[in-house]
Amino acid sequence: MSPSAGSRAAGAQRTRQSLLAAAAQVFVEQGVQAPIRDIAGRAGVGLGTVYRHFPSRAELVVAVYRHQVDECAQLAADLAGSPRPGEALERWMDAFVEFLVTKHGLGAALQSEDPGLQSLHSLMLDTLVPACASLLDAAAARGELDPDVTAYTLMRAVGNLCILGPGYDREHARAMVSRLLAGCRTTMPPDGPAAA
């Protein structure tokens, strides 16, 4: 590869990263249906540059969230093996809630009929459900969590609790998820029933 080709590739990568950062910020502020021109303006590029890197809105949405989904999955891996798996699950759920409540329009994108957005739904299921399951299994094995709680069901419930609206904000969602997790805990101490 010639030096000029290498610098062009590096420049294209920087532009792509700038677009992803700008899109992430605009999505937080306006939702995933924000005008592409707002993303281009935030990144300091023209519309053509956005479409050259991301030919469709769906591709841009998936690219923005892919990185954040991967970070959430990595956190689960980092928390695996914690001596307190119930607390590890709570920390991961805090991060998952933060991911959900800052993604205005993510729920609509996940339920969209747009075939380009179907990969986002698959990405979240294929990546985050196993990540959550590993933490749930560890907590259940230590007797800290009801073993009948499944990752998919818990994540759906958390997702529903994270739909913000008038009079229901991020802190309300966090409080309700905390209550949900409290309800998933076992009532028996981890060491078994107390001797009578």
# chains A, B, ... in the order shown; residues from 1 in each chain; ligands from 1

$ select_by_dssp --residues "chain A" --states "helix (DSSP H, G or I)" --output "PyMOL selection string"
chain A and resi 3-30+36-43+47-53+57-79+85-101+106-110+115-141+151-161+170-184

$ residues_around --residues "A:Leu136" --least-positions-apart "4" --cutoff "8 Å" --atoms "only C-alpha atoms" --output "list in words"
Pro85, Gly86, Leu89, Cys132, Ala140, Leu145, Pro147, Val149, Thr150 and Ala151 of chain A

$ residues_around --residues "stretch 55-65 of chain A" --least-positions-apart "4" --cutoff "6 Å" --atoms "only C-alpha atoms" --output "PyMOL selection string"
chain A and resi 20+51+69+116-117+120

$ atom_distance --atom1 "atom CA of A:Arg142" --atom2 "atom CA of A:Thr186"
10.2 Å

$ residues_around --residues "A:Asp78" --least-positions-apart "5" --cutoff "12 Å" --atoms "only C-alpha atoms" --output "PyMOL selection string"
chain A and resi 71-73+85+88-89+91-92+131+134-135

$ write_last_selection --atoms "N, CA, C and O atoms" --output "tab-separated table (two decimals), in the first residue's frame"
chain	number	residue	atom	x	y	z
A	71	GLU	N	-19.59	-2.98	24.26
A	71	GLU	CA	-19.10	-2.51	25.56
A	71	GLU	C	-19.91	-3.13	26.70
A	71	GLU	O	-19.34	-3.52	27.73
A	72	CYS	N	-21.20	-3.22	26.52
A	72	CYS	CA	-22.07	-3.81	27.55
A	72	CYS	C	-21.74	-5.30	27.73
A	72	CYS	O	-21.67	-5.80	28.86
A	73	ALA	N	-21.51	-5.99	26.64
A	73	ALA	CA	-21.14	-7.41	26.71
A	73	ALA	C	-19.78	-7.58	27.38
A	73	ALA	O	-19.59	-8.51	28.18
A	85	PRO	N	-21.83	-12.42	42.84
A	85	PRO	CA	-22.49	-12.37	41.53
A	85	PRO	C	-23.78	-11.55	41.51
A	85	PRO	O	-24.12	-10.97	40.48
A	88	ALA	N	-22.63	-8.12	40.98
A	88	ALA	CA	-22.13	-8.01	39.61
A	88	ALA	C	-23.29	-7.84	38.64
A	88	ALA	O	-23.24	-7.01	37.73
A	89	LEU	N	-24.36	-8.60	38.86
A	89	LEU	CA	-25.56	-8.47	38.03
A	89	LEU	C	-26.15	-7.07	38.15
A	89	LEU	O	-26.54	-6.46	37.15
A	91	ARG	N	-24.58	-4.28	38.88
A	91	ARG	CA	-23.70	-3.33	38.16
A	91	ARG	C	-23.95	-3.42	36.67
A	91	ARG	O	-24.00	-2.41	35.97
A	92	TRP	N	-24.10	-4.65	36.15
A	92	TRP	CA	-24.34	-4.81	34.72
A	92	TRP	C	-25.70	-4.23	34.35
A	92	TRP	O	-25.83	-3.56	33.32
A	131	ALA	N	-24.71	-12.53	27.60
A	131	ALA	CA	-23.94	-11.78	28.60
A	131	ALA	C	-24.72	-11.72	29.91
A	131	ALA	O	-24.17	-11.98	30.99
A	134	SER	N	-24.99	-15.20	31.69
A	134	SER	CA	-23.81	-15.64	32.45
A	134	SER	C	-23.84	-15.07	33.87
A	134	SER	O	-23.49	-15.77	34.83
A	135	LEU	N	-24.27	-13.83	34.01
A	135	LEU	CA	-24.35	-13.22	35.34
A	135	LEU	C	-25.52	-13.79	36.14
A	135	LEU	O	-25.40	-14.02	37.35

$ closest_residue --among "A:Gly31, A:Pro83, A:Pro115, A:Gly44" --to "A:Val101" --atoms "only C-alpha atoms"
A:Gly31

$ select_by_dssp --residues "stretch 60-185 of chain A" --states "strand (DSSP E or B)" --output "ChimeraX atom specification"
/A:145,165,168,185

$ closest_residue --among "A:Glu113, A:Pro35, A:Lys103, A:Gly48" --to "A:Ile163" --atoms "only C-alpha atoms"
A:Lys103

$ closest_residue --among "A:Gly41, A:Gly165, A:Pro130, A:Gly183" --to "A:Ser18" --atoms "only C-alpha atoms"
A:Gly41
